[in-house]
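Asker: Below is target22.txt; it holds compact mmCIF, C-alpha atoms.
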# COMPACT_ATOMS: atom_id res chain seq x y z
CA MET F 1 188.43 137.24 -73.48
CA LEU F 2 188.16 135.98 -69.91
CA ARG F 3 186.15 132.79 -69.58
CA VAL F 4 184.71 131.39 -66.37
CA GLY F 5 182.98 128.03 -66.27
CA GLY F 6 183.35 127.95 -70.04
CA CYS F 7 181.41 131.23 -70.41
CA ARG F 8 182.85 134.36 -72.01
CA ALA F 9 182.80 137.45 -69.82
CA ASP F 10 181.34 139.61 -72.62
CA ALA F 11 178.52 137.11 -73.16
CA LEU F 12 177.78 137.09 -69.44
CA ALA F 13 177.66 140.90 -69.41
CA GLU F 14 175.30 140.88 -72.38
CA GLN F 15 172.96 138.33 -70.81
CA PHE F 16 172.95 139.46 -67.17
CA GLY F 17 174.17 143.06 -67.26
CA THR F 18 176.80 144.60 -65.03
CA PRO F 19 177.78 144.63 -62.27
CA ALA F 20 177.25 140.91 -61.76
CA LEU F 21 178.73 138.42 -59.33
CA ILE F 22 179.81 135.39 -61.36
CA VAL F 23 180.36 132.08 -59.56
CA ALA F 24 182.25 129.17 -61.09
CA GLU F 25 179.96 126.44 -59.79
CA PRO F 26 182.41 123.56 -60.47
CA ALA F 27 185.07 125.34 -58.39
CA LEU F 28 182.59 125.76 -55.55
CA ARG F 29 181.79 122.06 -55.56
CA GLU F 30 185.44 121.05 -55.86
CA ARG F 31 186.35 123.09 -52.82
CA ALA F 32 183.57 121.52 -50.75
CA ARG F 33 184.78 118.05 -51.72
CA GLU F 34 188.36 118.97 -50.88
CA TYR F 35 187.42 120.05 -47.36
CA LEU F 36 185.36 116.91 -46.76
CA ALA F 37 188.05 114.55 -48.01
CA GLU F 38 190.95 116.25 -46.22
CA LEU F 39 189.17 116.39 -42.85
CA ALA F 40 187.84 112.82 -43.04
CA ALA F 41 191.33 111.55 -43.88
CA ARG F 42 192.69 113.08 -40.66
CA TRP F 43 189.76 112.62 -38.25
CA PRO F 44 187.07 110.18 -39.45
CA ARG F 45 184.43 111.23 -36.93
CA SER F 46 184.10 114.74 -38.26
CA ARG F 47 181.78 117.20 -39.95
CA VAL F 48 182.31 120.15 -42.30
CA VAL F 49 179.77 122.92 -41.79
CA PHE F 50 179.74 125.82 -44.26
CA ALA F 51 179.71 129.26 -42.60
CA SER F 52 176.70 130.65 -44.47
CA LYS F 53 177.49 134.25 -43.56
CA ALA F 54 180.33 134.20 -46.09
CA PHE F 55 177.88 133.78 -49.00
CA PRO F 56 174.30 133.45 -47.73
CA ALA F 57 172.63 132.83 -51.09
CA THR F 58 170.20 129.91 -51.07
CA ALA F 59 171.82 128.45 -54.20
CA VAL F 60 175.27 128.48 -52.58
CA GLN F 61 173.92 126.84 -49.44
CA ARG F 62 172.20 124.25 -51.65
CA VAL F 63 175.50 123.38 -53.33
CA MET F 64 177.04 122.77 -49.92
CA VAL F 65 174.13 120.60 -48.84
CA GLU F 66 174.31 118.59 -52.07
CA GLU F 67 178.02 118.02 -51.47
CA GLY F 68 177.35 116.64 -47.98
CA LEU F 69 178.12 119.65 -45.76
CA GLY F 70 176.10 121.01 -42.89
CA LEU F 71 175.36 124.72 -42.53
CA ASP F 72 176.41 127.25 -39.92
CA VAL F 73 173.82 130.02 -39.56
CA ALA F 74 174.05 133.29 -37.67
CA GLY F 75 170.55 134.72 -37.82
CA GLY F 76 166.93 134.11 -38.65
CA GLY F 77 167.37 134.90 -42.34
CA GLU F 78 170.14 132.35 -42.69
CA ILE F 79 167.92 129.77 -41.00
CA VAL F 80 165.20 130.49 -43.54
CA THR F 81 167.50 130.17 -46.56
CA ALA F 82 169.24 127.09 -45.12
CA LEU F 83 165.91 125.31 -44.77
CA LYS F 84 164.92 126.35 -48.29
CA ALA F 85 168.24 124.96 -49.51
CA GLY F 86 167.15 121.56 -48.21
CA VAL F 87 169.53 121.05 -45.31
CA ASP F 88 168.68 118.51 -42.64
CA PRO F 89 167.98 120.76 -39.62
CA ALA F 90 170.01 118.35 -37.51
CA LEU F 91 173.09 119.46 -39.49
CA ILE F 92 172.62 123.17 -38.73
CA VAL F 93 174.86 124.93 -36.20
CA HIS F 94 173.27 128.16 -34.96
CA HIS F 95 175.56 130.99 -33.86
CA GLY F 96 175.10 134.53 -32.60
CA ASN F 97 176.23 136.68 -29.69
CA ALA F 98 172.80 138.32 -29.32
CA LYS F 99 170.12 135.81 -30.29
CA GLY F 100 166.65 137.24 -29.79
CA ASP F 101 163.50 135.45 -28.72
CA GLU F 102 162.36 135.00 -32.32
CA GLU F 103 165.62 133.34 -33.43
CA ILE F 104 165.65 131.03 -30.42
CA ALA F 105 162.05 130.08 -31.17
CA MET F 106 162.93 129.37 -34.82
CA ALA F 107 165.83 127.15 -33.78
CA VAL F 108 163.67 125.14 -31.41
CA GLU F 109 160.69 124.95 -33.78
CA HIS F 110 162.75 123.63 -36.69
CA GLY F 111 164.81 121.19 -34.65
CA ILE F 112 168.19 122.77 -35.30
CA GLY F 113 170.89 120.33 -34.34
CA LEU F 114 173.26 122.51 -32.32
CA VAL F 115 172.77 125.93 -30.76
CA VAL F 116 176.05 127.58 -29.80
CA VAL F 117 175.49 129.24 -26.44
CA ASP F 118 177.37 132.54 -26.30
CA ASN F 119 176.17 133.79 -22.92
CA ALA F 120 173.89 133.02 -19.99
CA ASP F 121 171.00 134.88 -21.64
CA ASP F 122 171.00 132.27 -24.43
CA VAL F 123 170.48 129.63 -21.77
CA ASP F 124 167.63 131.61 -20.19
CA ARG F 125 165.86 131.95 -23.53
CA LEU F 126 166.36 128.33 -24.51
CA GLU F 127 165.07 127.03 -21.19
CA ALA F 128 162.02 129.28 -21.53
CA THR F 129 161.37 128.12 -25.10
CA VAL F 130 162.13 124.39 -25.28
CA PRO F 131 158.86 122.52 -24.61
CA ALA F 132 158.51 120.16 -21.69
CA GLY F 133 159.69 116.69 -22.59
CA ARG F 134 162.19 117.92 -25.20
CA THR F 135 165.86 118.80 -25.03
CA GLN F 136 168.04 121.05 -27.15
CA ASP F 137 171.66 120.13 -27.88
CA VAL F 138 174.07 123.00 -27.23
CA LEU F 139 177.73 123.93 -27.46
CA VAL F 140 179.38 126.63 -25.35
CA ARG F 141 181.54 129.17 -27.14
CA VAL F 142 184.90 129.74 -25.48
CA ILE F 143 187.37 132.60 -25.91
CA PRO F 144 190.74 130.84 -26.23
CA GLY F 145 192.85 133.94 -25.62
CA VAL F 146 194.53 133.66 -29.03
CA THR F 147 195.23 136.78 -31.09
CA ALA F 148 195.72 136.05 -34.78
CA ASP F 149 197.44 138.32 -37.29
CA THR F 150 194.43 139.72 -39.13
CA HIS F 151 192.34 142.88 -39.25
CA ALA F 152 191.02 143.93 -35.85
CA HIS F 153 187.44 143.91 -37.13
CA VAL F 154 187.56 140.17 -37.79
CA LEU F 155 189.43 139.05 -34.68
CA THR F 156 187.28 136.90 -32.37
CA GLY F 157 189.54 134.73 -30.23
CA HIS F 158 191.28 137.40 -28.16
CA GLU F 159 190.52 138.40 -24.59
CA GLY F 160 187.94 141.17 -24.86
CA SER F 161 186.11 139.65 -27.83
CA LYS F 162 182.36 140.22 -27.91
CA PHE F 163 181.93 136.55 -28.80
CA GLY F 164 181.92 133.74 -26.28
CA LEU F 165 183.12 133.43 -22.70
CA MET F 166 186.50 133.32 -21.03
CA PRO F 167 187.31 129.78 -19.82
CA ALA F 168 186.39 130.35 -16.17
CA ASP F 169 183.00 131.83 -17.12
CA ALA F 170 182.46 129.09 -19.68
CA ALA F 171 183.13 126.43 -17.04
CA ARG F 172 180.44 127.89 -14.77
CA LEU F 173 177.92 128.00 -17.60
CA ILE F 174 178.76 124.43 -18.59
CA THR F 175 177.97 123.30 -15.05
CA ARG F 176 174.61 125.08 -15.21
CA ILE F 177 173.74 123.50 -18.56
CA GLU F 178 174.67 120.03 -17.34
CA ARG F 179 172.06 120.44 -14.59
CA SER F 180 169.34 121.63 -17.00
CA THR F 181 166.39 119.39 -17.81
CA LYS F 182 165.86 121.08 -21.19
CA LEU F 183 169.38 121.46 -22.52
CA ARG F 184 171.93 118.79 -23.36
CA MET F 185 175.57 119.82 -23.07
CA ARG F 186 177.30 118.36 -26.14
CA GLY F 187 180.57 120.23 -26.32
CA VAL F 188 182.49 123.44 -26.85
CA HIS F 189 183.12 125.84 -29.70
CA VAL F 190 186.09 128.06 -30.54
CA HIS F 191 186.84 130.50 -33.36
CA VAL F 192 189.85 132.80 -33.57
CA GLY F 193 188.88 135.10 -36.43
CA SER F 194 188.75 135.44 -40.19
CA GLN F 195 191.23 135.85 -43.08
CA ILE F 196 194.00 134.16 -41.11
CA LEU F 197 197.05 133.29 -43.22
CA ASP F 198 199.06 131.43 -40.57
CA VAL F 199 198.22 127.99 -39.20
CA GLY F 200 199.62 128.73 -35.74
CA PRO F 201 196.57 130.42 -34.16
CA PHE F 202 194.29 127.55 -35.22
CA ALA F 203 196.48 125.01 -33.47
CA ASP F 204 196.91 127.26 -30.43
CA SER F 205 193.12 127.49 -29.91
CA VAL F 206 192.69 123.77 -29.21
CA ALA F 207 194.40 123.40 -25.81
CA PRO F 208 192.29 126.08 -24.05
CA VAL F 209 189.02 124.33 -24.92
CA ALA F 210 190.46 120.90 -24.16
CA ALA F 211 191.25 122.14 -20.65
CA LEU F 212 187.53 122.53 -19.95
CA GLY F 213 187.00 118.77 -19.95
CA GLU F 214 186.06 115.87 -22.19
CA PHE F 215 183.02 116.32 -24.41
CA ASP F 216 181.41 114.54 -27.33
CA ILE F 217 181.82 117.46 -29.78
CA TYR F 218 184.55 120.03 -30.35
CA ASP F 219 183.67 122.67 -32.90
CA LEU F 220 186.99 124.24 -33.89
CA GLY F 221 185.49 126.99 -36.04
CA GLY F 222 186.84 128.35 -39.31
CA GLY F 223 188.85 131.39 -40.35
CA LEU F 224 191.30 130.15 -42.97
CA GLY F 225 192.20 133.06 -45.25
CA ALA F 226 191.76 133.39 -49.00
CA ARG F 227 194.09 134.74 -51.67
CA TYR F 228 192.84 138.21 -52.61
CA SER F 229 196.06 139.69 -53.95
CA TYR F 230 199.37 138.65 -55.40
CA ALA F 231 200.93 139.25 -51.99
CA ASP F 232 198.64 136.78 -50.20
CA HIS F 233 199.83 133.21 -49.68
CA PRO F 234 197.27 131.40 -47.53
CA PRO F 235 197.92 127.87 -46.29
CA THR F 236 196.42 125.04 -48.28
CA VAL F 237 193.46 123.18 -46.79
CA ALA F 238 195.81 120.26 -46.16
CA ALA F 239 198.36 122.41 -44.30
CA TYR F 240 195.61 124.08 -42.25
CA LEU F 241 194.14 120.73 -41.23
CA ASP F 242 197.56 119.21 -40.55
CA ALA F 243 198.07 121.91 -37.91
CA LEU F 244 194.53 121.89 -36.52
CA ILE F 245 194.08 118.13 -36.34
CA GLY F 246 197.65 117.71 -35.14
CA ALA F 247 196.70 119.80 -32.11
CA ALA F 248 193.43 117.88 -31.77
CA ARG F 249 195.30 114.57 -31.62
CA GLU F 250 197.47 115.99 -28.89
CA HIS F 251 194.71 117.45 -26.73
CA LEU F 252 191.26 116.04 -27.56
CA PRO F 253 189.60 112.68 -26.82
CA PRO F 254 190.07 110.39 -29.84
CA ALA F 255 186.41 109.35 -29.85
CA ALA F 256 185.07 112.92 -30.01
CA GLU F 257 183.46 114.45 -33.10
CA ILE F 258 185.26 117.44 -34.62
CA ILE F 259 183.39 120.11 -36.55
CA ILE F 260 185.01 122.80 -38.68
CA GLU F 261 183.26 125.83 -40.18
CA PRO F 262 185.03 127.09 -43.33
CA GLY F 263 183.49 130.16 -44.94
CA ARG F 264 185.74 132.67 -46.69
CA SER F 265 188.23 130.04 -47.87
CA MET F 266 185.36 127.97 -49.25
CA VAL F 267 183.86 130.60 -51.53
CA ALA F 268 186.11 133.63 -52.08
CA ALA F 269 188.12 132.32 -55.04
CA ALA F 270 185.11 130.70 -56.71
CA ALA F 271 183.64 134.03 -57.82
CA PHE F 272 184.51 137.35 -59.44
CA THR F 273 182.62 140.57 -60.03
CA LEU F 274 182.22 141.84 -63.57
CA TYR F 275 181.91 145.62 -63.99
CA ARG F 276 181.61 148.05 -66.90
CA VAL F 277 183.96 151.04 -67.01
CA VAL F 278 181.85 154.21 -66.94
CA THR F 279 184.51 156.90 -66.97
CA VAL F 280 188.29 157.32 -67.02
CA LYS F 281 189.71 160.51 -65.47
CA ARG F 282 193.43 161.02 -65.99
CA GLY F 283 195.41 163.46 -63.85
CA ALA F 284 197.71 163.25 -60.85
CA ILE F 285 195.83 160.01 -60.21
CA THR F 286 194.08 158.11 -62.98
CA PHE F 287 190.63 157.14 -61.75
CA VAL F 288 188.82 154.33 -63.50
CA ALA F 289 185.22 154.46 -62.33
CA VAL F 290 182.94 151.46 -62.75
CA ASP F 291 179.19 150.91 -62.47
CA GLY F 292 179.40 149.29 -59.03
CA GLY F 293 181.51 149.78 -55.93
CA MET F 294 180.81 149.75 -52.21
CA GLY F 295 177.21 148.80 -52.89
CA ASP F 296 178.41 145.36 -53.96
CA ASN F 297 181.81 145.20 -52.20
CA LEU F 298 182.24 146.65 -48.71
CA GLU F 299 185.34 144.62 -47.95
CA VAL F 300 187.67 147.45 -48.94
CA ALA F 301 185.95 150.18 -46.92
CA LEU F 302 185.40 148.02 -43.84
CA PHE F 303 188.58 145.93 -43.71
CA ASP F 304 191.09 147.63 -46.03
CA GLN F 305 191.00 144.44 -48.06
CA ARG F 306 193.26 144.49 -51.12
CA PHE F 307 191.82 143.22 -54.42
CA GLU F 308 193.32 142.95 -57.90
CA ALA F 309 191.66 143.73 -61.23
CA ALA F 310 192.08 143.23 -64.96
CA ILE F 311 190.30 144.27 -68.14
CA ALA F 312 188.43 141.19 -69.29
CA ASP F 313 190.03 141.02 -72.74
CA ARG F 314 193.40 142.68 -72.00
CA PHE F 315 195.14 141.20 -68.99
CA GLY F 316 198.20 142.95 -67.63
CA GLY F 317 199.11 146.46 -68.74
CA GLU F 318 201.33 149.30 -67.62
CA GLU F 319 198.99 152.16 -66.70
CA LEU F 320 198.79 152.60 -62.94
CA VAL F 321 195.21 153.47 -61.96
CA THR F 322 192.86 153.54 -59.00
CA VAL F 323 189.60 151.70 -59.58
CA VAL F 324 186.70 153.47 -57.86
CA GLY F 325 182.98 152.96 -57.58
CA ARG F 326 180.00 155.13 -58.40
CA HIS F 327 178.89 155.88 -54.84
CA CYS F 328 179.09 159.28 -53.16
CA GLU F 329 181.92 158.46 -50.76
CA SER F 330 185.65 159.05 -51.13
CA GLY F 331 186.09 155.67 -49.48
CA ASP F 332 184.34 153.99 -52.41
CA VAL F 333 187.58 152.54 -53.77
CA LEU F 334 187.76 149.01 -55.15
CA VAL F 335 191.48 148.79 -55.95
CA ASP F 336 193.95 151.51 -54.95
CA GLY F 337 196.80 151.16 -57.41
CA VAL F 338 196.58 148.48 -60.10
CA ARG F 339 198.12 148.30 -63.56
CA LEU F 340 195.66 148.03 -66.46
CA ASP F 341 196.06 148.01 -70.23
CA ALA F 342 194.90 151.45 -71.48
CA PRO F 343 191.45 151.35 -69.84
CA LYS F 344 188.63 153.11 -71.66
CA VAL F 345 184.90 153.70 -71.28
CA GLY F 346 182.93 150.57 -72.06
CA ASP F 347 185.64 148.08 -71.05
CA LEU F 348 184.65 145.12 -68.92
CA LEU F 349 186.63 144.98 -65.68
CA ALA F 350 186.99 141.77 -63.67
CA VAL F 351 187.74 141.81 -59.93
CA PRO F 352 188.48 138.27 -58.70
CA ALA F 353 188.04 136.67 -55.27
CA THR F 354 184.72 138.38 -54.49
CA GLY F 355 182.84 135.23 -53.47
CA ALA F 356 183.10 135.91 -49.73
CA TYR F 357 181.12 138.61 -47.91
CA CYS F 358 180.46 140.77 -50.98
CA HIS F 359 176.95 139.37 -51.55
CA THR F 360 176.57 139.23 -47.78
CA MET F 361 177.06 142.96 -47.28
CA ALA F 362 175.47 144.23 -50.50
CA ASN F 363 173.42 147.35 -49.85
CA ASN F 364 171.20 150.02 -51.38
CA TYR F 365 173.41 153.05 -50.78
CA ASN F 366 172.50 155.90 -53.21
CA GLY F 367 169.48 153.88 -54.28
CA ASN F 368 171.78 151.15 -55.53
CA ARG F 369 170.09 147.99 -56.76
CA ARG F 370 171.78 144.87 -55.42
CA ILE F 371 173.46 142.89 -58.14
CA PRO F 372 172.66 139.41 -59.48
CA VAL F 373 174.47 136.20 -58.64
CA VAL F 374 175.16 134.03 -61.67
CA PHE F 375 176.32 130.41 -61.66
CA ALA F 376 178.54 129.43 -64.60
CA GLY F 377 179.70 125.95 -65.52
CA ALA F 378 180.15 123.66 -68.53
CA GLY F 379 179.65 126.59 -70.87
CA THR F 380 176.23 127.60 -69.57
CA ALA F 381 175.13 130.22 -67.06
CA ARG F 382 172.03 130.91 -65.01
CA ALA F 383 171.02 133.59 -62.54
CA VAL F 384 170.43 132.21 -59.05
CA VAL F 385 169.76 135.65 -57.52
CA ARG F 386 168.22 138.27 -59.80
CA ARG F 387 169.20 141.91 -59.94
CA GLU F 388 166.93 144.10 -57.84
CA SER F 389 164.44 146.24 -59.72
CA TRP F 390 163.49 149.86 -59.12
CA GLN F 391 160.19 148.56 -57.81
CA ASP F 392 162.03 146.44 -55.25
CA LEU F 393 163.40 149.64 -53.75
CA LEU F 394 159.83 150.82 -53.09
CA ALA F 395 158.43 147.46 -51.96
CA ARG F 396 158.68 148.16 -48.22
CA ASP F 397 157.18 151.62 -48.34
CA VAL F 398 153.88 151.79 -46.44
CA GLU F 399 152.95 155.32 -47.56
For this file, produce the structure as structure tokens.
Answerer:
Amino acid sequence: MLRVGGCRADALAEQFGTPALIVAEPALRERAREYLAELAARWPRSRVVFASKAFPATAVQRVMVEEGLGLDVAGGGEIVTALKAGVDPALIVHHGNAKGDEEIAMAVEHGIGLVVVDNADDVDRLEATVPAGRTQDVLVRVIPGVTADTHAHVLTGHEGSKFGLMPADAARLITRIERSTKLRMRGVHVHVGSQILDVGPFADSVAPVAALGEFDIYDLGGGLGARYSYADHPPTVAAYLDALIGAAREHLPPAAEIIIEPGRSMVAAAAFTLYRVVTVKRGAITFVAVDGGMGDNLEVALFDQRFEAAIADRFGGEELVTVVGRHCESGDVLVDGVRLDAPKVGDLLAVPATGAYCHTMANNYNGNRRIPVVFAGAGTARAVVRRESWQDLLARDVE
């Protein structure tokens, strides 16, 4: 029987039900420590900031804070959970290509350390919101003109990206900010995309921002990929940082602070989703249907992401099947083509590497109740996010 954090999968299913997102808390903490140590060894004046959007559960953010990381937030809700998690607001980096008045007000009210300016409208709103006598530290997001080899939906560093400004436009906005009495220009930000399995684009993104001038802070983003399938071979954290910091040594001022924003690579492998097999339909294709699906994992439908799967007490197997969810969409496929060991109704099915973006994009399609998040470690487990109830689905009704 599969064990995670010293806990048996069948015991977890009995205690918390299925589907459930199970997080190996020690693995989460170990990964945070690895990032901190590897970056500090290469560039002492540096900061690791967890990209909350990858797993925006308060308990996950709290782990990162306890391990000494800052938090990257991309919306009002992530600000709220980050503050509840106990982060020092000065260690928050606030992103967003379309920040509204309310989010800008929240950032200013709570003293968020860095607001990443994505456009001139951000500057307008900040100048209208920051009180007289105060200043807000900002970074300017720059499009480096780098196209990484990843899904088009998660590319962000190419010309034509909705995020950031081309260098010439960024330079003009930097000049405006430097003249502002309410904003303090601290540096620049760059991010080339997500689920990137080659170190080249990370290194290539440094020179374009360096060309904009010398600043106190260079936020070099995140984007390192995770291993979802047997075919994936992402770089190690050390190899990623060798390339990134190698480029930084070549192009950036040695006294500057470097920030990185790992997300997916921080959390994906630390969690798996545990399902119960509901039905097995054998024919031209053998469909193994489970009690979850695109309500708890949209990565497949949105990004064609490949996952693997195994029966929790019978790894391997020879029967080629397609694992599907319970939702009323033909696109509700979790794994298209995986070999299992004679799957049957009632089996527990484990899908690994679901720690990134699955909780983020969980939804109520078909009246689905969003699933719990369970931390496991040292042989004990606890729910940190409960399963939604039927009453929760009615809670926002006003009639």
Asker: Please report as a Markdown table every residue of range 278-390 of chain F lying within 7 Å of range 13-36 of chain F, along with the nearest atom pair and their distance in Å (one decimal), using all atoms listed in the file.
Answerer:
| residue | atom | partner | partner_atom | distance |
| --- | --- | --- | --- | --- |
| F:Asp291 | CA | F:Pro19 | CA | 6.4 |
| F:Gly292 | CA | F:Pro19 | CA | 5.9 |
| F:Ile371 | CA | F:Ala20 | CA | 5.6 |
| F:Pro372 | CA | F:Ala20 | CA | 5.3 |
| F:Val373 | CA | F:Leu21 | CA | 4.9 |
| F:Val374 | CA | F:Ile22 | CA | 4.9 |
| F:Phe375 | CA | F:Val23 | CA | 4.8 |
| F:Ala376 | CA | F:Ala24 | CA | 5.1 |
| F:Gly377 | CA | F:Glu25 | CA | 5.8 |
Asker: Kindly give the distance, in Å, that separates CA of Leu348 in chain F and CA of Arg276 in chain F, rounded to a single decimal.
Answerer: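 We find that CA of Leu348 in chain F and CA of Arg276 in chain F lie 4.7 Å from each other.
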Asker: I'd like a table as CSV: residues in range 41-67 of chain F with an atom no more than 10 Å from range 84-107 of chain F, each row giving the shortest atom pair and its distance in Å to one decimal, only C-alpha atoms counted, sorted by chain and rising residue number.
Answerer:
residue,atom,partner,partner_atom,distance
F:Arg47,CA,F:Leu91,CA,9.0
F:Val48,CA,F:Leu91,CA,9.7
F:Val49,CA,F:Val93,CA,7.7
F:Phe50,CA,F:Ile92,CA,9.4
F:Ala51,CA,F:Val93,CA,9.1
F:Ala57,CA,F:Ala85,CA,9.1
F:Thr58,CA,F:Ala85,CA,5.5
F:Ala59,CA,F:Ala85,CA,6.9
F:Val60,CA,F:Ala85,CA,8.4
F:Gln61,CA,F:Ala85,CA,6.0
F:Arg62,CA,F:Ala85,CA,4.6
F:Val63,CA,F:Ala85,CA,8.4
F:Met64,CA,F:Val87,CA,9.0
F:Val65,CA,F:Val87,CA,5.8
F:Glu66,CA,F:Val87,CA,8.6
Asker: Write out as a PDB file with C-alpha atoms, keeping the file's coordinate frame the residues lying within 9 Å of Trp390 in chain F, counting all atoms listed in the file and excluding same-chain residues fewer than 3 positions away.
Answerer:
ATOM      1  CA  GLY F 367     169.480 153.880 -54.280  1.00  0.00           C
ATOM      2  CA  ARG F 369     170.090 147.990 -56.760  1.00  0.00           C
ATOM      3  CA  LEU F 393     163.400 149.640 -53.750  1.00  0.00           C
ATOM      4  CA  LEU F 394     159.830 150.820 -53.090  1.00  0.00           C
TER       5      LEU F 394
END
Asker: Find the distance between CA of Leu71 in chain F and CA of Glu261 in chain F and write it in Å to one decimal.
Answerer: 8.3 Å
Asker: So which residues fall inside 12 Å of (164.2, 123.6, -30.8) if we count only C-alpha atoms? Mind giving them as a PyMOL selection string?
Answerer: chain F and resi 89-90+92+94+102-115+125-138+182-184
Asker: Show me the residues around (188.4, 137.3, -43.3) - criterion: an atom at most 7 Å away, all atoms listed in the file counted - as a list in words.
Answerer: Val154, Ser194, Gln195, Ile196, Gly223, Gly225 and Arg264 of chain F
Asker: Can you work out the spacing between CA of Gly164 in chain F and CA of Val192 in chain F in Å, to one decimal?
Answerer: 10.8 Å
Asker: Find the residue from F:Arg370, F:Arg326, F:His189, F:Lys53 that sits nearest to Ala356 in chain F; use only C-alpha atoms when measuring.
Answerer: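 When distances to Ala356 in chain F are compared using only C-alpha atoms, the smallest one comes from F:Lys53.
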Asker: Residues at most 9 Å from Gly346 in chain F, counting all atoms listed in the file, excluding those fewer than 3 positions away in the same chain, as a list in words?
Answerer: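 These residues fall inside the cut-off: Arg276, Val277, Val278, Thr279 and Pro343 of chain F.
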Asker: Need to verify the contact set: range 203-213 of chain F, 9 Å, all atoms listed in the file, exclusion of same-chain residues closer than 5 positions in sequence. Can you return it as JSON, numbers by chain?
Answerer: {"F": [142, 143, 144, 145, 146, 157, 167, 168, 170, 171, 188, 189, 190, 191, 192, 218, 220, 240, 243, 244, 245, 246, 247, 248, 250, 251, 252, 253]}
Asker: Ranking F:Ile259, F:Met1, F:Leu320, F:Ser229 by minimum distance to Leu69 in chain F and counting all atoms listed in the file, which one comes first?
Answerer: F:Ile259
Asker: Between F:Pro201, F:Val4, F:Asp122, F:Arg249, which residue has the minimum interatomic distance to Arg42 in chain F, considering only C-alpha atoms?
Answerer: F:Arg249
Asker: Find the residues near Ala362 in chain F: any atom within 7 Å, counting only C-alpha atoms, skip ones fewer than 3 places away on the same chain, and give them as a list in words.
Answerer: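 The neighbour list is Gly295, Asp296, Asn297, Cys358, His359 and Arg370 of chain F.
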Asker: Could you write those residues out with C-alpha atoms, as a CSV table (one decimal), keeping the file's coordinate frame?
Answerer:
chain,number,residue,atom,x,y,z
F,295,GLY,CA,177.2,148.8,-52.9
F,296,ASP,CA,178.4,145.4,-54.0
F,297,ASN,CA,181.8,145.2,-52.2
F,358,CYS,CA,180.5,140.8,-51.0
F,359,HIS,CA,177.0,139.4,-51.6
F,370,ARG,CA,171.8,144.9,-55.4
